[in-house]
>>> print(open('upload_1.pdb').read())   # PDB, C-alpha atoms and all ligand atoms
ATOM      1  CA  MET A 706     132.465 109.590 -34.138
ATOM      2  CA  LYS A 707     135.091 106.871 -34.137
ATOM      3  CA  LYS A 708     134.172 103.188 -33.638
ATOM      4  CA  LEU A 709     136.740 101.358 -31.532
ATOM      5  CA  THR A 710     137.470  97.670 -31.024
ATOM      6  CA  ARG A 711     138.234  96.288 -27.581
ATOM      7  CA  SER A 712     142.003  96.554 -28.163
ATOM      8  CA  GLU A 713     141.722 100.086 -29.599
ATOM      9  CA  THR A 714     139.726 101.033 -26.507
ATOM     10  CA  ALA A 715     142.495  99.588 -24.323
ATOM     11  CA  LEU A 716     145.064 101.708 -26.235
ATOM     12  CA  PHE A 717     142.888 104.812 -25.839
ATOM     13  CA  LEU A 718     142.666 104.274 -22.074
ATOM     14  CA  GLN A 719     146.409 103.589 -21.838
ATOM     15  CA  ASP A 720     147.052 106.902 -23.643
ATOM     16  CA  HIS A 721     145.229 108.964 -21.002
ATOM     17  CA  ASP A 722     145.964 109.438 -17.313
ATOM     18  CA  ARG A 723     142.951 110.990 -15.595
ATOM     19  CA  PHE A 724     139.437 109.679 -15.917
ATOM     20  CA  CYS A 725     135.945 110.529 -14.779
ATOM     21  CA  ILE A 726     133.371 107.785 -15.414
ATOM     22  CA  LEU A 727     129.642 108.359 -15.955
ATOM     23  CA  SER A 728     126.754 105.972 -15.239
ATOM     24  CA  HIS A 729     123.145 106.273 -16.423
ATOM     25  CA  HIS A 730     119.969 107.562 -14.789
ATOM     26  CA  ARG A 731     117.894 105.056 -12.794
ATOM     27  CA  PRO A 732     121.215 103.238 -12.346
ATOM     28  CA  ASP A 733     121.074  99.441 -12.520
ATOM     29  CA  GLY A 734     123.619  96.798 -11.526
ATOM     30  CA  ASP A 735     125.301  96.940 -14.910
ATOM     31  CA  THR A 736     126.026 100.669 -15.086
ATOM     32  CA  VAL A 737     127.157 100.717 -11.425
ATOM     33  CA  GLY A 738     129.201  97.499 -11.731
ATOM     34  CA  ALA A 739     130.797  98.450 -15.062
ATOM     35  CA  SER A 740     131.772 101.928 -13.821
ATOM     36  CA  ALA A 741     133.214 100.514 -10.584
ATOM     37  CA  ALA A 742     135.220  97.832 -12.434
ATOM     38  CA  LEU A 743     136.602 100.299 -14.976
ATOM     39  CA  CYS A 744     137.603 102.719 -12.211
ATOM     40  CA  LEU A 745     139.313  99.980 -10.158
ATOM     41  CA  GLY A 746     141.163  98.611 -13.197
ATOM     42  CA  LEU A 747     142.445 102.024 -14.249
ATOM     43  CA  ARG A 748     143.626 102.774 -10.704
ATOM     44  CA  GLN A 749     145.479  99.461 -10.593
ATOM     45  CA  LEU A 750     147.403 100.632 -13.672
ATOM     46  CA  GLY A 751     148.462 103.763 -11.796
ATOM     47  CA  LYS A 752     145.965 106.119 -13.390
ATOM     48  CA  GLN A 753     143.794 108.640 -11.599
ATOM     49  CA  ALA A 754     140.221 107.490 -11.992
ATOM     50  CA  TRP A 755     136.913 108.431 -10.377
ATOM     51  CA  VAL A 756     133.265 107.644 -10.899
ATOM     52  CA  LEU A 757     131.202 110.820 -10.982
ATOM     53  CA  ARG A 758     128.761 110.532  -8.074
ATOM     54  CA  ASN A 759     125.303 109.613  -9.384
ATOM     55  CA  GLU A 760     122.812 110.570  -6.684
ATOM     56  CA  GLU A 761     120.246 108.121  -8.076
ATOM     57  CA  VAL A 762     122.296 105.040  -7.123
ATOM     58  CA  THR A 763     120.250 103.120  -4.516
ATOM     59  CA  PRO A 764     121.567 101.245  -1.436
ATOM     60  CA  ARG A 765     121.260  97.953  -3.365
ATOM     61  CA  PHE A 766     124.293  98.931  -5.471
ATOM     62  CA  GLN A 767     125.871 101.873  -3.561
ATOM     63  CA  TRP A 768     128.519  99.664  -1.919
ATOM     64  CA  LEU A 769     130.125  99.076  -5.330
ATOM     65  CA  HIS A 770     130.959 102.784  -5.655
ATOM     66  CA  GLU A 771     132.414 103.112  -2.156
ATOM     67  CA  ASN A 772     135.670 105.165  -2.220
ATOM     68  CA  LEU A 773     135.429 105.543  -5.988
ATOM     69  CA  THR A 774     133.229 108.625  -6.420
ATOM     70  CA  LYS A 775     133.862 112.335  -6.729
ATOM     71  CA  GLU A 776     131.416 115.234  -6.978
ATOM     72  CA  GLU A 777     132.677 117.181  -9.994
ATOM     73  CA  VAL A 778     134.496 116.646 -13.273
ATOM     74  CA  GLU A 779     137.874 118.381 -13.104
ATOM     75  CA  GLU A 780     139.879 120.189 -15.780
ATOM     76  CA  GLY A 781     141.856 117.618 -17.742
ATOM     77  CA  ASP A 782     139.613 114.641 -16.963
ATOM     78  CA  THR A 783     138.902 112.245 -19.812
ATOM     79  CA  ILE A 784     135.190 111.476 -19.529
ATOM     80  CA  VAL A 785     134.019 107.916 -20.215
ATOM     81  CA  SER A 786     130.382 106.773 -20.065
ATOM     82  CA  VAL A 787     129.353 103.167 -19.434
ATOM     83  CA  ASP A 788     126.029 101.515 -20.325
ATOM     84  CA  VAL A 789     124.607 104.844 -21.585
ATOM     85  CA  ALA A 790     122.730 104.290 -24.870
ATOM     86  CA  SER A 791     121.567 107.831 -25.599
ATOM     87  CA  PRO A 792     121.882 111.394 -24.242
ATOM     88  CA  THR A 793     118.479 111.029 -22.560
ATOM     89  CA  MET A 794     119.889 108.192 -20.435
ATOM     90  CA  LEU A 795     122.315 110.573 -18.718
ATOM     91  CA  PRO A 796     121.122 111.808 -15.308
ATOM     92  CA  GLU A 797     119.855 115.404 -15.281
ATOM     93  CA  ALA A 798     122.951 116.506 -13.336
ATOM     94  CA  PHE A 799     125.281 115.096 -16.037
ATOM     95  CA  GLN A 800     123.496 116.747 -18.991
ATOM     96  CA  PRO A 801     125.947 119.724 -19.127
ATOM     97  CA  LEU A 802     128.742 117.189 -19.823
ATOM     98  CA  LEU A 803     127.037 115.890 -22.967
ATOM     99  CA  ASN A 804     129.501 117.310 -25.513
ATOM    100  CA  ARG A 805     132.566 116.533 -23.429
ATOM    101  CA  ILE A 806     132.361 112.720 -23.312
ATOM    102  CA  ALA A 807     135.453 111.272 -24.995
ATOM    103  CA  LEU A 808     134.533 107.595 -24.946
ATOM    104  CA  ARG A 809     131.388 105.532 -24.567
ATOM    105  CA  ILE A 810     131.454 101.845 -23.658
ATOM    106  CA  ASP A 811     128.044 100.296 -24.218
ATOM    107  CA  HIS A 812     126.105  97.247 -25.355
ATOM    108  CA  HIS A 813     122.700  98.682 -26.310
ATOM    109  CA  TYR A 814     121.187  97.474 -29.561
ATOM    110  CA  SER A 815     119.317 100.723 -30.230
ATOM    111  CA  ALA A 816     122.225 102.948 -29.208
ATOM    112  CA  ILE A 817     122.567 106.495 -30.568
ATOM    113  CA  SER A 818     126.121 107.809 -31.089
ATOM    114  CA  PHE A 819     126.847 110.932 -29.067
ATOM    115  CA  THR A 820     130.519 110.775 -28.079
ATOM    116  CA  GLU A 821     133.894 111.284 -29.810
ATOM    117  CA  ALA A 822     134.691 107.570 -29.751
ATOM    118  CA  GLU A 823     132.759 104.458 -28.795
ATOM    119  CA  LEU A 824     133.077 100.760 -28.117
ATOM    120  CA  VAL A 825     129.576  99.370 -28.654
ATOM    121  CA  ASP A 826     128.848  95.656 -28.874
ATOM    122  CA  PRO A 827     125.129  94.780 -28.910
ATOM    123  CA  ALA A 828     126.055  91.071 -28.790
ATOM    124  CA  SER A 829     127.433  91.558 -25.286
ATOM    125  CA  ALA A 830     124.868  90.693 -22.608
ATOM    126  CA  SER A 831     126.185  93.381 -20.267
ATOM    127  CA  CYS A 832     128.417  96.417 -20.390
ATOM    128  CA  ALA A 833     130.391  94.931 -17.502
ATOM    129  CA  GLU A 834     131.549  92.102 -19.802
ATOM    130  CA  LEU A 835     132.924  94.639 -22.279
ATOM    131  CA  VAL A 836     134.778  96.421 -19.474
ATOM    132  CA  TRP A 837     136.187  93.049 -18.344
ATOM    133  CA  ASP A 838     137.537  92.364 -21.872
ATOM    134  CA  VAL A 839     139.114  95.819 -22.112
ATOM    135  CA  LEU A 840     140.745  95.499 -18.681
ATOM    136  CA  GLU A 841     142.128  92.110 -19.721
ATOM    137  CA  GLU A 842     143.596  93.689 -22.871
ATOM    138  CA  MET A 843     145.264  96.282 -20.643
ATOM    139  CA  GLY A 844     146.862  93.608 -18.468
ATOM    140  CA  VAL A 845     144.851  94.339 -15.325
ATOM    141  CA  THR A 846     145.047  91.623 -12.656
ATOM    142  CA  MET A 847     141.457  90.697 -11.858
ATOM    143  CA  ASP A 848     140.936  90.913  -8.102
ATOM    144  CA  GLU A 849     137.965  90.273  -5.824
ATOM    145  CA  LYS A 850     136.585  93.814  -6.101
ATOM    146  CA  ILE A 851     136.744  93.916  -9.882
ATOM    147  CA  GLY A 852     135.283  90.409  -9.987
ATOM    148  CA  GLU A 853     132.382  91.445  -7.755
ATOM    149  CA  ALA A 854     131.630  94.579  -9.760
ATOM    150  CA  VAL A 855     131.669  92.724 -13.094
ATOM    151  CA  TYR A 856     129.641  89.838 -11.645
ATOM    152  CA  VAL A 857     126.931  92.229 -10.411
ATOM    153  CA  GLY A 858     126.744  93.821 -13.890
ATOM    154  CA  THR A 859     126.656  90.551 -15.805
ATOM    155  CA  SER A 860     124.294  88.688 -13.497
ATOM    156  CA  THR A 861     121.756  91.516 -13.143
ATOM    157  CA  ASP A 862     121.607  92.301 -16.893
ATOM    158  CA  THR A 863     120.963  88.605 -17.653
ATOM    159  CA  GLY A 864     118.486  87.912 -14.825
ATOM    160  CA  CYS A 865     121.101  85.628 -13.280
ATOM    161  CA  PHE A 866     122.045  84.079 -16.640
ATOM    162  CA  ARG A 867     118.472  83.222 -17.625
ATOM    163  CA  PHE A 868     117.680  85.833 -20.316
ATOM    164  CA  ALA A 869     118.140  85.234 -24.064
ATOM    165  CA  ASN A 870     121.127  87.620 -24.153
ATOM    166  CA  THR A 871     123.240  85.176 -22.089
ATOM    167  CA  THR A 872     126.144  83.745 -24.128
ATOM    168  CA  ALA A 873     129.173  81.507 -23.609
ATOM    169  CA  HIS A 874     131.161  84.723 -23.187
ATOM    170  CA  THR A 875     128.836  85.768 -20.340
ATOM    171  CA  PHE A 876     129.528  82.506 -18.518
ATOM    172  CA  ALA A 877     133.268  82.752 -19.250
ATOM    173  CA  THR A 878     133.298  86.246 -17.739
ATOM    174  CA  ALA A 879     131.338  85.051 -14.701
ATOM    175  CA  ALA A 880     133.823  82.192 -14.286
ATOM    176  CA  GLY A 881     136.619  84.778 -14.415
ATOM    177  CA  CYS A 882     134.849  86.762 -11.678
ATOM    178  CA  ALA A 883     134.600  83.648  -9.504
ATOM    179  CA  SER A 884     138.292  82.864 -10.092
ATOM    180  CA  ALA A 885     139.166  86.448  -9.144
ATOM    181  CA  GLY A 886     137.537  85.872  -5.749
ATOM    182  CA  ALA A 887     134.009  87.263  -6.158
ATOM    183  CA  LYS A 888     131.683  85.636  -3.620
ATOM    184  CA  ILE A 889     129.154  84.232  -6.073
ATOM    185  CA  TYR A 890     126.799  82.580  -3.578
ATOM    186  CA  GLU A 891     126.514  85.675  -1.376
ATOM    187  CA  LEU A 892     125.940  87.944  -4.366
ATOM    188  CA  ASN A 893     123.277  85.653  -5.875
ATOM    189  CA  GLN A 894     121.592  85.339  -2.501
ATOM    190  CA  ALA A 895     121.405  89.130  -2.085
ATOM    191  CA  LEU A 896     120.499  89.931  -5.693
ATOM    192  CA  PHE A 897     118.156  87.098  -6.686
ATOM    193  CA  GLU A 898     117.058  85.094  -3.652
ATOM    194  CA  THR A 899     115.909  87.895  -1.377
ATOM    195  CA  ASN A 900     112.636  89.851  -1.615
ATOM    196  CA  SER A 901     111.534  92.668   0.660
ATOM    197  CA  LEU A 902     107.994  92.394   1.955
ATOM    198  CA  GLY A 903     107.178  95.574   0.020
ATOM    199  CA  ARG A 904     108.280  93.997  -3.236
ATOM    200  CA  LEU A 905     106.179  90.886  -2.613
ATOM    201  CA  LYS A 906     103.135  93.046  -1.807
ATOM    202  CA  MET A 907     103.739  94.948  -5.051
ATOM    203  CA  GLN A 908     103.879  91.674  -6.960
ATOM    204  CA  ALA A 909     100.587  90.628  -5.338
ATOM    205  CA  TRP A 910      99.019  93.918  -6.498
ATOM    206  CA  ILE A 911     100.361  93.353 -10.029
ATOM    207  CA  VAL A 912      98.840  89.846 -10.132
ATOM    208  CA  GLU A 913      95.432  91.302  -9.214
ATOM    209  CA  HIS A 914      95.603  94.215 -11.683
ATOM    210  CA  LEU A 915      97.348  92.738 -14.708
ATOM    211  CA  GLN A 916      95.590  93.316 -18.028
ATOM    212  CA  ILE A 917      95.952  90.300 -20.311
ATOM    213  CA  LEU A 918      95.864  90.902 -24.097
ATOM    214  CA  GLN A 919      95.993  88.854 -27.304
ATOM    215  CA  SER A 920      94.681  85.596 -25.822
ATOM    216  CA  GLY A 921      97.237  85.625 -23.049
ATOM    217  CA  LYS A 922     100.334  86.379 -25.146
ATOM    218  CA  MET A 923     100.713  89.912 -23.843
ATOM    219  CA  ALA A 924     100.252  91.698 -20.544
ATOM    220  CA  VAL A 925     100.097  95.335 -19.458
ATOM    221  CA  CYS A 926     100.309  96.589 -15.916
ATOM    222  CA  ALA A 927      99.846 100.268 -15.008
ATOM    223  CA  ILE A 928     100.883 101.080 -11.447
ATOM    224  CA  PRO A 929      99.556 104.365 -10.002
ATOM    225  CA  LYS A 930     101.958 106.359  -7.801
ATOM    226  CA  ALA A 931      99.323 106.233  -5.040
ATOM    227  CA  VAL A 932      99.546 102.423  -4.989
ATOM    228  CA  GLU A 933     103.343 102.498  -4.657
ATOM    229  CA  GLU A 934     102.957 105.025  -1.836
ATOM    230  CA  SER A 935     100.314 103.072   0.023
ATOM    231  CA  ILE A 936     102.358  99.855  -0.153
ATOM    232  CA  GLY A 937     105.425 101.916   0.771
ATOM    233  CA  VAL A 938     107.887 100.485  -1.754
ATOM    234  CA  THR A 939     111.378 101.921  -2.301
ATOM    235  CA  GLU A 940     113.173 102.168  -5.667
ATOM    236  CA  ASP A 941     115.154  99.086  -4.642
ATOM    237  CA  ASP A 942     111.890  97.216  -4.026
ATOM    238  CA  MET A 943     110.809  98.169  -7.547
ATOM    239  CA  ASP A 944     114.150  97.280  -9.189
ATOM    240  CA  ASN A 945     113.405  95.231 -12.319
ATOM    241  CA  ILE A 946     109.771  94.690 -11.195
ATOM    242  CA  SER A 947     108.858  94.917 -14.886
ATOM    243  CA  SER A 948     110.301  91.429 -15.439
ATOM    244  CA  PHE A 949     107.543  90.016 -13.209
ATOM    245  CA  PRO A 950     104.455  90.298 -15.513
ATOM    246  CA  ARG A 951     106.413  88.496 -18.252
ATOM    247  CA  THR A 952     106.754  85.440 -15.992
ATOM    248  CA  VAL A 953     103.038  84.640 -16.315
ATOM    249  CA  ALA A 954     102.766  81.414 -18.353
ATOM    250  CA  GLY A 955     102.116  82.179 -22.040
ATOM    251  CA  VAL A 956     103.024  85.886 -21.828
ATOM    252  CA  CYS A 957     105.648  86.752 -24.484
ATOM    253  CA  LEU A 958     105.518  90.549 -24.336
ATOM    254  CA  ALA A 959     104.790  92.514 -21.160
ATOM    255  CA  ALA A 960     104.696  96.216 -20.367
ATOM    256  CA  THR A 961     104.855  97.829 -16.947
ATOM    257  CA  LEU A 962     104.011 101.506 -16.500
ATOM    258  CA  ARG A 963     104.811 103.593 -13.432
ATOM    259  CA  GLU A 964     103.958 107.222 -12.756
ATOM    260  CA  ASN A 965     107.107 109.275 -12.140
ATOM    261  CA  ALA A 966     107.476 112.267  -9.829
ATOM    262  CA  VAL A 967     107.229 114.901 -12.589
ATOM    263  CA  GLY A 968     103.915 113.829 -14.111
ATOM    264  CA  GLY A 969     105.176 111.458 -16.803
ATOM    265  CA  VAL A 970     104.992 107.693 -17.070
ATOM    266  CA  LYS A 971     107.972 105.342 -17.072
ATOM    267  CA  LEU A 972     107.436 102.439 -19.459
ATOM    268  CA  SER A 973     109.404  99.173 -19.195
ATOM    269  CA  VAL A 974     108.869  96.373 -21.695
ATOM    270  CA  ARG A 975     110.091  92.779 -21.478
ATOM    271  CA  ALA A 976     109.963  90.283 -24.350
ATOM    272  CA  ILE A 977     110.978  86.730 -25.141
ATOM    273  CA  PRO A 978     112.666  85.887 -28.496
ATOM    274  CA  GLY A 979     110.253  86.313 -31.404
ATOM    275  CA  TYR A 980     109.037  89.602 -29.923
ATOM    276  CA  ASP A 981     110.880  92.912 -29.755
ATOM    277  CA  ALA A 982     110.625  95.228 -26.757
ATOM    278  CA  THR A 983     112.337  98.096 -28.615
ATOM    279  CA  ARG A 984     109.549  98.122 -31.235
ATOM    280  CA  VAL A 985     107.247  99.257 -28.448
ATOM    281  CA  THR A 986     109.550 101.691 -26.668
ATOM    282  CA  GLU A 987     110.966 103.327 -29.820
ATOM    283  CA  ARG A 988     107.427 104.443 -30.703
ATOM    284  CA  PHE A 989     107.552 106.537 -27.530
ATOM    285  CA  GLY A 990     111.081 107.871 -28.091
ATOM    286  CA  GLY A 991     112.823 105.269 -25.917
ATOM    287  CA  GLY A 992     115.231 102.428 -26.627
ATOM    288  CA  GLY A 993     116.910  99.409 -25.120
ATOM    289  CA  HIS A 994     117.372  95.779 -26.076
ATOM    290  CA  LYS A 995     115.025  93.341 -27.849
ATOM    291  CA  GLY A 996     114.434  91.561 -24.548
ATOM    292  CA  ALA A 997     114.235  94.601 -22.284
ATOM    293  CA  ALA A 998     113.578  98.217 -23.193
ATOM    294  CA  GLY A 999     112.212 101.441 -21.740
ATOM    295  CA  ALA A1000     110.760 104.860 -22.518
ATOM    296  CA  THR A1001     109.190 107.860 -20.822
ATOM    297  CA  ILE A1002     105.681 108.860 -21.916
ATOM    298  CA  GLN A1003     104.159 112.289 -21.268
ATOM    299  CA  LEU A1004     100.546 111.157 -20.874
ATOM    300  CA  PRO A1005      98.296 110.369 -17.920
ATOM    301  CA  LEU A1006      98.757 106.773 -16.749
ATOM    302  CA  GLU A1007      95.525 105.315 -18.163
ATOM    303  CA  GLU A1008      96.016 106.950 -21.575
ATOM    304  CA  ALA A1009      99.643 105.828 -21.687
ATOM    305  CA  ALA A1010      98.627 102.230 -20.877
ATOM    306  CA  LYS A1011      96.060 102.271 -23.677
ATOM    307  CA  ALA A1012      98.570 103.703 -26.189
ATOM    308  CA  VAL A1013     101.152 101.072 -25.204
ATOM    309  CA  ALA A1014      98.629  98.226 -25.520
ATOM    310  CA  ASP A1015      97.713  99.456 -29.024
ATOM    311  CA  VAL A1016     101.369  99.436 -30.127
ATOM    312  CA  MET A1017     101.949  96.000 -28.541
ATOM    313  CA  ARG A1018      99.016  94.461 -30.425
ATOM    314  CA  GLU A1019     100.785  95.240 -33.723
ATOM    315  CA  GLN A1020     103.344  92.537 -32.944
ATOM    316  CA  GLN A1021     102.401  89.069 -34.103
ATOM    317  CA  SER A1022     104.549  86.031 -33.873
TER
HETATM  318 MN    MN B1101     123.442  97.162 -19.375
END
>>> encode(input="upload_1.pdb", output="structure tokens")
Amino acid sequence: MKKLTRSETALFLQDHDRFCILSHHRPDGDTVGASAALCLGLRQLGKQAWVLRNEEVTPRFQWLHENLTKEEVEEGDTIVSVDVASPTMLPEAFQPLLNRIALRIDHHYSAISFTEAELVDPASASCAELVWDVLEEMGVTMDEKIGEAVYVGTSTDTGCFRFANTTAHTFATAAGCASAGAKIYELNQALFETNSLGRLKMQAWIVEHLQILQSGKMAVCAIPKAVEESIGVTEDDMDNISSFPRTVAGVCLAATLRENAVGGVKLSVRAIPGYDATRVTERFGGGGHKGAAGATIQLPLEEAAKAVADVMREQQS
């Protein structure tokens, strides 16, 4: 596996003509925004580029992929993944492509190498910022669409520039997006200032059922599938819901567990500096960033919640 710098990545992309771009499972704003921006930038340079359709992308972010997707990888495509930290983060439908990925652009701290070449910068708050830098190196003219896609990636991965991963570079990139024509107010309004009723009802349920540990420094919330069904929440309603328990005053480390369709439990952990979310998720075979990490646990919900609480208690600060 070859480690590339931003400029080496730009040269690699310049050297190839046909691209198919992969996003990760449970796609968030960063993987959708970064893939859209990369695709648009490559097309502007006269290359053939497509995003491989990821059926898990929800309506919240689908508009970013409009006119950019195709159904299948074709012979001769150079495959690039964005925001994918490990093979397990690839959607089920993309798993057969695992050994064919030429380049990975990513910013995950606990990333596992699995491609021929990679540009990985854990200091970057979002993958979209890395894509922005590479497109700049390639001489792409930043337009409104690229600006919007990169802004969605950067703003969602930083909780609208509030998380500890936010840097001067993040703000500089966001300023570039605004200069390129991205409608910052409208995007912020839609992404951060709007809640569906379902989401608010879910938050109310979480408040009532939150388990507080370690004298209020930690919180665990286990959400049964039946509760999600009775409230009637969509995946968009649940997007980043795991950040909510961490907002309780005094809570430094918070875990949210949700039952998935196939009998496992999806764990999401959020932490403030001084605590490490990956130290919890790595114990269950997952990964992520110090501030936000995830894993899948093959245990019944109650048992999983107990196991997670035990691992969390090991962290002192
Ligand atoms: Mn990301």
>>> residues_near_ligand(input="upload_1.pdb", ligand="ligand MN 1101 (chain B)", cutoff="6 Å", atoms="only C-alpha atoms and all ligand atoms", output="number ranges by chain")
A: 735, 788, 831-832, 862
>>> residues_around(input="upload_1.pdb", residues="Thr1001 in chain A", least_positions_apart="6", cutoff="7 Å", atoms="only C-alpha atoms", output="ChimeraX atom specification")
/A:969-972,991
>>> resolve_selection(input="upload_1.pdb", expression="the PyMOL selection byres (((chain A and resi 888) around 12) and not hetatm)", output="NGL selection string")
:A and (848-857 or 879-887 or 889-895)
>>> closest_residue(input="upload_1.pdb", among="A:Gly921, A:Pro792, A:Pro1005, A:Gly968", to="Gly990 in chain A", atoms="only C-alpha atoms")
A:Pro792
>>> resolve_selection(input="upload_1.pdb", expression="the PyMOL selection byres (((chain A and resi 983) around 7) and not hetatm)", output="list in words")
Asp981, Ala982, Arg984, Val985, Thr986, Glu987, Gly992, Gly993, His994, Lys995 and Ala998 of chain A
>>> residues_around(input="upload_1.pdb", residues="His729 in chain A", least_positions_apart="3", cutoff="8 Å", atoms="all atoms listed in the file", output="short mmCIF file (atom, residue, chain, number, x, y, z; two decimals) with C-alpha atoms, in the frame of the given file")
data_model
loop_
_atom_site.label_atom_id
_atom_site.label_comp_id
_atom_site.auth_asym_id
_atom_site.auth_seq_id
_atom_site.Cartn_x
_atom_site.Cartn_y
_atom_site.Cartn_z
CA PRO A 732 121.22 103.24 -12.35
CA THR A 736 126.03 100.67 -15.09
CA VAL A 787 129.35 103.17 -19.43
CA ASP A 788 126.03 101.52 -20.32
CA VAL A 789 124.61 104.84 -21.58
CA MET A 794 119.89 108.19 -20.43
CA LEU A 795 122.32 110.57 -18.72
CA PRO A 796 121.12 111.81 -15.31
#
>>> axis_aligned_box(input="upload_1.pdb", around="range 977-991 of chain A", padding_each_side="4 Å", output="AutoDock Vina command-line options")
--center_x 110.0 --center_y 96.9 --center_z -28.3 --size_x 13.6 --size_y 30.0 --size_z 14.3
>>> resolve_selection(input="upload_1.pdb", expression="the PyMOL selection byres (((chain A and resi 722-725) around 6) and not hetatm)", output="MDAnalysis selection string")
chainID A and resid 721 726 752:756 782:784
>>> atom_distance(input="upload_1.pdb", atom1="CA of Ile817 in chain A", atom2="CA of Ala927 in chain A")
28.2 Å
